[in-house]
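Pasting run05.csv here (CSV, C-alpha atoms):
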```csv
chain,number,residue,atom,x,y,z
V,1,MET,CA,109.9,79.8,141.8
V,2,ALA,CA,109.4,82.6,139.3
V,3,VAL,CA,107.8,81.7,136.0
V,4,ALA,CA,109.8,82.9,133.0
V,5,GLU,CA,107.9,85.4,130.9
V,6,ALA,CA,107.2,84.3,127.4
V,7,GLN,CA,108.9,86.2,124.5
V,8,ALA,CA,106.8,88.4,122.4
V,9,TRP,CA,106.0,87.2,118.8
V,10,HIS,CA,108.2,89.9,117.3
V,11,GLU,CA,111.2,88.7,119.3
V,12,ILE,CA,110.7,85.2,118.2
V,13,VAL,CA,110.4,86.3,114.5
V,14,LEU,CA,113.6,88.3,114.8
V,15,GLN,CA,115.5,85.3,116.2
V,16,ALA,CA,114.2,83.0,113.5
V,17,LEU,CA,115.3,85.4,110.8
V,18,LYS,CA,118.8,85.6,112.3
V,19,ARG,CA,119.0,81.8,112.8
V,20,ASN,CA,118.3,81.4,109.1
V,21,ASP,CA,120.7,84.1,107.9
V,22,ILE,CA,118.0,86.4,106.7
V,23,LYS,CA,120.0,89.7,106.7
V,24,LEU,CA,118.1,92.0,104.3
V,25,VAL,CA,114.7,93.3,105.4
V,26,PRO,CA,113.2,96.0,103.3
V,27,TYR,CA,109.7,97.0,104.5
V,28,VAL,CA,106.7,99.2,103.9
V,29,PRO,CA,106.0,101.0,107.2
V,30,ASP,CA,103.2,99.4,109.1
V,31,ARG,CA,101.7,100.0,112.5
V,32,VAL,CA,101.3,96.3,113.4
V,33,LEU,CA,104.9,95.5,112.6
V,34,THR,CA,106.3,98.7,114.2
V,35,THR,CA,108.1,96.9,117.1
V,36,LEU,CA,109.6,94.2,114.9
V,37,ILE,CA,110.8,96.9,112.5
V,38,LYS,CA,112.3,99.0,115.3
V,39,ASN,CA,114.1,95.9,116.7
V,40,ILE,CA,115.5,94.9,113.3
V,41,HIS,CA,116.8,98.5,112.8
V,42,ALA,CA,118.5,98.3,116.2
V,43,ASP,CA,120.3,95.0,115.4
V,44,PRO,CA,123.5,95.4,113.4
V,45,PHE,CA,123.0,91.9,112.0
V,46,PHE,CA,120.3,93.3,109.6
V,47,THR,CA,120.3,95.7,106.7
V,48,THR,CA,116.9,97.2,106.7
V,49,PHE,CA,115.2,100.3,105.2
V,50,PRO,CA,111.7,101.5,104.2
V,51,THR,CA,110.4,101.2,100.7
V,52,ALA,CA,107.7,103.2,99.0
V,53,ARG,CA,105.8,100.1,97.8
V,54,GLU,CA,105.6,96.4,98.4
V,55,GLU,CA,106.6,95.6,94.9
V,56,GLU,CA,109.9,97.6,95.4
V,57,ALA,CA,110.7,95.5,98.5
V,58,VAL,CA,110.1,92.3,96.6
V,59,GLY,CA,112.3,93.4,93.7
V,60,ILE,CA,115.1,94.3,96.2
V,61,VAL,CA,114.9,91.0,97.9
V,62,SER,CA,114.8,89.1,94.6
V,63,GLY,CA,117.9,90.9,93.3
V,64,ALA,CA,119.7,90.3,96.6
V,65,TRP,CA,118.9,86.5,96.4
V,66,MET,CA,120.3,86.4,92.9
V,67,ALA,CA,123.5,88.0,94.3
V,68,GLY,CA,123.7,85.5,97.1
V,69,MET,CA,121.9,87.3,100.0
V,70,ARG,CA,118.8,86.1,101.8
V,71,GLY,CA,116.0,88.5,102.6
V,72,ALA,CA,112.5,89.0,103.8
V,73,VAL,CA,109.8,91.6,103.1
V,74,GLN,CA,107.6,93.0,105.8
V,75,THR,CA,104.2,94.6,104.8
V,76,SER,CA,100.6,95.1,105.7
V,77,GLY,CA,99.7,95.6,102.0
V,78,PHE,CA,99.1,92.7,99.7
V,79,ALA,CA,96.7,94.1,97.0
V,80,THR,CA,99.5,95.3,94.7
V,81,LEU,CA,101.8,92.2,95.0
V,82,ALA,CA,100.1,89.7,92.6
V,83,ASN,CA,101.9,90.9,89.5
V,84,VAL,CA,105.4,91.0,91.0
V,85,LEU,CA,104.9,87.6,92.6
V,86,ALA,CA,103.5,86.1,89.4
V,87,SER,CA,106.1,87.6,87.1
V,88,LEU,CA,109.3,87.6,89.3
V,89,ALA,CA,109.3,85.6,92.6
V,90,VAL,CA,107.4,82.5,91.6
V,91,PRO,CA,108.7,81.9,88.0
V,92,TYR,CA,112.3,82.8,88.9
V,93,GLN,CA,112.2,80.6,92.1
V,94,VAL,CA,113.1,83.3,94.5
V,95,PRO,CA,112.8,82.0,98.1
V,96,LEU,CA,111.2,85.3,99.2
V,97,ILE,CA,110.0,85.4,102.8
V,98,MET,CA,107.0,87.7,103.2
V,99,LEU,CA,105.8,88.7,106.6
V,100,VAL,CA,102.3,90.1,106.1
V,101,SER,CA,100.3,91.7,108.9
V,102,GLU,CA,96.8,90.5,108.3
V,103,ARG,CA,94.5,93.5,108.0
V,104,GLY,CA,90.9,93.5,107.0
V,105,THR,CA,89.5,91.2,109.6
V,106,LEU,CA,88.5,91.2,113.3
V,107,GLY,CA,87.4,94.8,113.7
V,108,GLU,CA,89.2,96.4,110.7
V,109,PHE,CA,88.0,99.9,110.1
V,110,ASN,CA,89.3,100.2,106.5
V,111,TYR,CA,86.9,98.6,104.0
V,112,GLY,CA,89.7,98.5,101.3
V,113,GLN,CA,91.7,96.3,103.7
V,114,ALA,CA,88.7,94.0,104.2
V,115,LEU,CA,88.5,93.4,100.5
V,116,VAL,CA,92.2,92.7,100.2
V,117,CYS,CA,91.9,90.2,103.1
V,118,ARG,CA,89.2,88.3,101.3
V,119,THR,CA,91.3,88.0,98.2
V,120,MET,CA,94.8,87.4,99.6
V,121,ARG,CA,94.7,83.7,100.2
V,122,PRO,CA,92.9,82.9,96.9
V,123,VAL,CA,95.6,84.9,95.0
V,124,LEU,CA,98.4,83.0,96.9
V,125,ASP,CA,96.6,79.7,96.1
V,126,SER,CA,96.3,80.6,92.4
V,127,LEU,CA,100.0,81.2,92.3
V,128,ALA,CA,100.6,77.9,94.1
V,129,MET,CA,102.5,79.9,96.7
V,130,GLU,CA,103.0,78.4,100.1
V,131,HIS,CA,101.4,80.5,102.9
V,132,HIS,CA,100.7,80.0,106.6
V,133,THR,CA,98.7,82.0,109.0
V,134,VAL,CA,100.2,82.4,112.4
V,135,THR,CA,97.6,82.9,115.1
V,136,ARG,CA,99.2,81.7,118.4
V,137,LEU,CA,102.5,82.6,120.2
V,138,ASP,CA,103.3,78.9,120.7
V,139,GLU,CA,103.4,78.3,117.0
V,140,VAL,CA,105.4,81.3,115.8
V,141,ASP,CA,108.9,79.8,116.0
V,142,PHE,CA,108.0,76.5,114.4
V,143,ILE,CA,106.0,78.1,111.5
V,144,VAL,CA,108.5,80.9,110.8
V,145,ASP,CA,111.6,78.7,111.1
V,146,ARG,CA,110.3,75.8,109.0
V,147,SER,CA,108.8,78.1,106.4
V,148,ILE,CA,112.1,79.8,105.9
V,149,LYS,CA,113.9,76.5,105.6
V,150,GLN,CA,111.4,75.2,103.1
V,151,ALA,CA,111.5,78.3,101.0
V,152,ILE,CA,115.2,78.2,100.7
V,153,THR,CA,115.4,74.4,100.1
V,154,THR,CA,112.6,74.5,97.4
V,155,GLN,CA,113.5,77.9,96.1
V,156,ALA,CA,109.9,79.0,96.3
V,157,PRO,CA,108.4,82.1,98.0
V,158,VAL,CA,106.4,81.8,101.2
V,159,ALA,CA,103.9,84.2,102.8
V,160,LEU,CA,103.7,84.3,106.6
V,161,ILE,CA,100.4,85.9,107.5
V,162,LEU,CA,100.5,87.3,111.0
V,163,SER,CA,96.9,87.2,112.4
V,164,PRO,CA,95.6,89.9,114.7
V,165,LEU,CA,95.0,87.0,117.1
V,166,LEU,CA,98.8,87.0,117.4
V,167,THR,CA,99.8,90.6,116.8
V,168,ALA,CA,97.0,92.3,118.8
V,169,ALA,CA,98.1,90.5,122.0
V,170,ARG,CA,100.7,92.1,124.3
V,171,THR,CA,103.9,92.9,122.5
```
Just give me the structure of the file as structure tokens.
Amino acid sequence: MAVAEAQAWHEIVLQALKRNDIKLVPYVPDRVLTTLIKNIHADPFFTTFPTAREEEAVGIVSGAWMAGMRGAVQTSGFATLANVLASLAVPYQVPLIMLVSERGTLGEFNYGQALVCRTMRPVLDSLAMEHHTVTRLDEVDFIVDRSIKQAITTQAPVALILSPLLTAART
């Protein structure tokens, strides 16, 4: 009897986005999220395109929500997001779904990313913004799906931090 091969984390995320009608996915190019980005581009369900900055992607998803469309932002950068989250997504109750590849830890070579990693969760906490760190393949579907549902129901943004413990594994 053959054992079924487990799905990769990025396949599970893509399915959870589709299941929750998240059609718009602007992103800032990122090495960690490359496979997910390529798969979203290949799927006609999604409207996806690169943006120059994370704040631009948040603004696009926020405007789309106000027009009736659900969206998610994919990024590895977080340092520049505090202002747009505090002045747009949080006060205007935009159920923004942020998929953040966690940089700055577990062998990171870029000191700037290490500084951002140390401040990301405290910034999210100070904004009273829901955030979850996904570390294991067996928790991806539950955390992503339930976080999207909660964000939409409560009309509050959520950050899904994708740990290298998850993303550095086979994709």
Near segment 82-91 of chain V, counting all atoms listed in the file, which residues have an atom at most 8 Å away, once you skip same-chain residues fewer than 2 positions from it, shown as a list in words?
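The residues that qualify are Glu55, Val58, Gly59, Ser62, Phe78, Ala79, Thr80, Gln93, Val94, Pro95, Leu96, Val123, Leu127, Met129, Ala156 and Pro157 of chain V.
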V:Ile12, V:Val25, V:Ala42, V:Ala6: which is nearest Val140 of chain V, counting all atoms listed in the file?
V:Ile12
At a cut-off of 8 Å around the point (109.6, 91.7, 108.6) (file coordinates), what residues fall inside when counting all atoms listed in the file? I'd like the answer as a short mmCIF file (atom, residue, chain, number, x, y, z; two decimals) with C-alpha atoms, in the coordinates of the input.
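File selection36.cif, as written:
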```
data_model
loop_
_atom_site.label_atom_id
_atom_site.label_comp_id
_atom_site.auth_asym_id
_atom_site.auth_seq_id
_atom_site.Cartn_x
_atom_site.Cartn_y
_atom_site.Cartn_z
CA VAL V 25 114.70 93.30 105.40
CA PRO V 26 113.20 96.00 103.30
CA TYR V 27 109.70 97.00 104.50
CA LEU V 33 104.90 95.50 112.60
CA LEU V 36 109.60 94.20 114.90
CA ILE V 37 110.80 96.90 112.50
CA ALA V 72 112.50 89.00 103.80
CA VAL V 73 109.80 91.60 103.10
CA GLN V 74 107.60 93.00 105.80
CA THR V 75 104.20 94.60 104.80
CA MET V 98 107.00 87.70 103.20
CA LEU V 99 105.80 88.70 106.60
CA VAL V 100 102.30 90.10 106.10
#
```
What is the atom CA of Gln15 of chain V to atom CA of Glu54 of chain V distance in Å?
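Answer for the atom CA of Gln15 of chain V to atom CA of Glu54 of chain V separation: 23.2 Å.
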So what do you get for atom CA of Gly71 of chain V versus atom CA of Ile97 of chain V, distance-wise?
6.8 Å
Which value, in Å to one decimal, gives the distance between atom CA of Val158 of chain V and atom CA of Met66 of chain V?
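One can read the atom CA of Val158 of chain V to atom CA of Met66 of chain V distance as 16.8 Å.
Proximity ranking of V:Arg53, V:Lys23, V:Trp9, V:Met69 relative to His41 of chain V places V:Lys23 first, based on all atoms listed in the file.
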Name the residues in contact with Ile143 of chain V at a cut-off of 12 Å, using all atoms listed in the file, excluding same-chain residues fewer than 6 positions from it; report them as an MDAnalysis selection string.
chainID V and resid 9 12:13 16:17 99 130:137 149:151 158:162
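Using all atoms listed in the file, the nearest neighbour of Glu139 of chain V within the list V:Ala52, V:Leu166, V:Leu124, V:Val61 is V:Leu166.
Each of V:Asp30, V:Asp21, V:Asp138, V:Asp43 was checked against Gly68 of chain V using only C-alpha atoms; the smallest atom-to-atom distance is that of V:Asp21.
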Residue nearest Leu14 of chain V - candidates V:Ser101, V:Gln155, V:Val144, V:Tyr92, atoms counted: only C-alpha atoms:
V:Val144
Counting all atoms listed in the file, figure out which residue out of V:Leu165, V:Lys38, V:Ser126, V:Leu81 gets nearest to Glu102 of chain V.
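The answer is V:Leu165, which sits nearest to Glu102 of chain V.
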Any chance you could build segment 69-91 of chain V out to N, CA and C atoms and write it as a PDB file, in the frame of the given file?
```
ATOM      1  N   MET V  69     122.343  86.822  98.716  1.00  0.00           N
ATOM      2  CA  MET V  69     121.900  87.300 100.000  1.00  0.00           C
ATOM      3  C   MET V  69     120.459  86.908 100.287  1.00  0.00           C
ATOM      4  N   ARG V  70     120.166  86.432 101.469  1.00  0.00           N
ATOM      5  CA  ARG V  70     118.800  86.100 101.800  1.00  0.00           C
ATOM      6  C   ARG V  70     118.065  87.310 102.393  1.00  0.00           C
ATOM      7  N   GLY V  71     116.764  87.403 102.081  1.00  0.00           N
ATOM      8  CA  GLY V  71     116.000  88.500 102.600  1.00  0.00           C
ATOM      9  C   GLY V  71     114.546  88.211 102.817  1.00  0.00           C
ATOM     10  N   ALA V  72     113.910  89.112 103.531  1.00  0.00           N
ATOM     11  CA  ALA V  72     112.500  89.000 103.800  1.00  0.00           C
ATOM     12  C   ALA V  72     111.851  90.380 103.610  1.00  0.00           C
ATOM     13  N   VAL V  73     110.571  90.372 103.291  1.00  0.00           N
ATOM     14  CA  VAL V  73     109.800  91.600 103.100  1.00  0.00           C
ATOM     15  C   VAL V  73     108.751  91.662 104.199  1.00  0.00           C
ATOM     16  N   GLN V  74     108.607  92.840 104.806  1.00  0.00           N
ATOM     17  CA  GLN V  74     107.600  93.000 105.800  1.00  0.00           C
ATOM     18  C   GLN V  74     106.551  94.036 105.254  1.00  0.00           C
ATOM     19  N   THR V  75     105.273  93.686 105.371  1.00  0.00           N
ATOM     20  CA  THR V  75     104.200  94.600 104.800  1.00  0.00           C
ATOM     21  C   THR V  75     102.877  94.292 105.406  1.00  0.00           C
ATOM     22  N   SER V  76     102.021  95.283 105.347  1.00  0.00           N
ATOM     23  CA  SER V  76     100.600  95.100 105.700  1.00  0.00           C
ATOM     24  C   SER V  76      99.793  95.118 104.374  1.00  0.00           C
ATOM     25  N   GLY V  77     100.426  95.532 103.299  1.00  0.00           N
ATOM     26  CA  GLY V  77      99.700  95.600 102.000  1.00  0.00           C
ATOM     27  C   GLY V  77      99.938  94.362 101.211  1.00  0.00           C
ATOM     28  N   PHE V  78      98.900  93.901 100.564  1.00  0.00           N
ATOM     29  CA  PHE V  78      99.100  92.700  99.700  1.00  0.00           C
ATOM     30  C   PHE V  78      98.446  92.982  98.322  1.00  0.00           C
ATOM     31  N   ALA V  79      97.537  93.912  98.217  1.00  0.00           N
ATOM     32  CA  ALA V  79      96.700  94.100  97.000  1.00  0.00           C
ATOM     33  C   ALA V  79      97.589  94.297  95.750  1.00  0.00           C
ATOM     34  N   THR V  80      98.721  94.949  95.865  1.00  0.00           N
ATOM     35  CA  THR V  80      99.500  95.300  94.700  1.00  0.00           C
ATOM     36  C   THR V  80     100.588  94.220  94.378  1.00  0.00           C
ATOM     37  N   LEU V  81     100.659  93.159  95.146  1.00  0.00           N
ATOM     38  CA  LEU V  81     101.800  92.200  95.000  1.00  0.00           C
ATOM     39  C   LEU V  81     101.537  91.085  93.985  1.00  0.00           C
ATOM     40  N   ALA V  82     100.329  90.846  93.531  1.00  0.00           N
ATOM     41  CA  ALA V  82     100.100  89.700  92.600  1.00  0.00           C
ATOM     42  C   ALA V  82     100.961  89.729  91.401  1.00  0.00           C
ATOM     43  N   ASN V  83     101.121  90.873  90.772  1.00  0.00           N
ATOM     44  CA  ASN V  83     101.900  90.900  89.500  1.00  0.00           C
ATOM     45  C   ASN V  83     103.378  90.614  89.788  1.00  0.00           C
ATOM     46  N   VAL V  84     104.005  91.215  90.798  1.00  0.00           N
ATOM     47  CA  VAL V  84     105.400  91.000  91.000  1.00  0.00           C
ATOM     48  C   VAL V  84     105.677  89.544  91.513  1.00  0.00           C
ATOM     49  N   LEU V  85     104.734  88.970  92.229  1.00  0.00           N
ATOM     50  CA  LEU V  85     104.900  87.600  92.600  1.00  0.00           C
ATOM     51  C   LEU V  85     104.777  86.650  91.423  1.00  0.00           C
ATOM     52  N   ALA V  86     103.770  86.911  90.566  1.00  0.00           N
ATOM     53  CA  ALA V  86     103.500  86.100  89.400  1.00  0.00           C
ATOM     54  C   ALA V  86     104.579  86.229  88.309  1.00  0.00           C
ATOM     55  N   SER V  87     105.193  87.398  88.218  1.00  0.00           N
ATOM     56  CA  SER V  87     106.100  87.600  87.100  1.00  0.00           C
ATOM     57  C   SER V  87     107.605  87.570  87.564  1.00  0.00           C
ATOM     58  N   LEU V  88     107.885  87.574  88.868  1.00  0.00           N
ATOM     59  CA  LEU V  88     109.300  87.600  89.300  1.00  0.00           C
ATOM     60  C   LEU V  88     109.532  86.447  90.346  1.00  0.00           C
ATOM     61  N   ALA V  89     108.957  86.562  91.517  1.00  0.00           N
ATOM     62  CA  ALA V  89     109.300  85.600  92.600  1.00  0.00           C
ATOM     63  C   ALA V  89     108.980  84.193  92.325  1.00  0.00           C
ATOM     64  N   VAL V  90     107.794  83.924  91.815  1.00  0.00           N
ATOM     65  CA  VAL V  90     107.400  82.500  91.600  1.00  0.00           C
ATOM     66  C   VAL V  90     108.143  81.936  90.366  1.00  0.00           C
ATOM     67  N   PRO V  91     108.094  82.551  89.167  1.00  0.00           N
ATOM     68  CA  PRO V  91     108.700  81.900  88.000  1.00  0.00           C
ATOM     69  C   PRO V  91     110.268  81.824  88.114  1.00  0.00           C
TER      70      PRO V  91
END
```
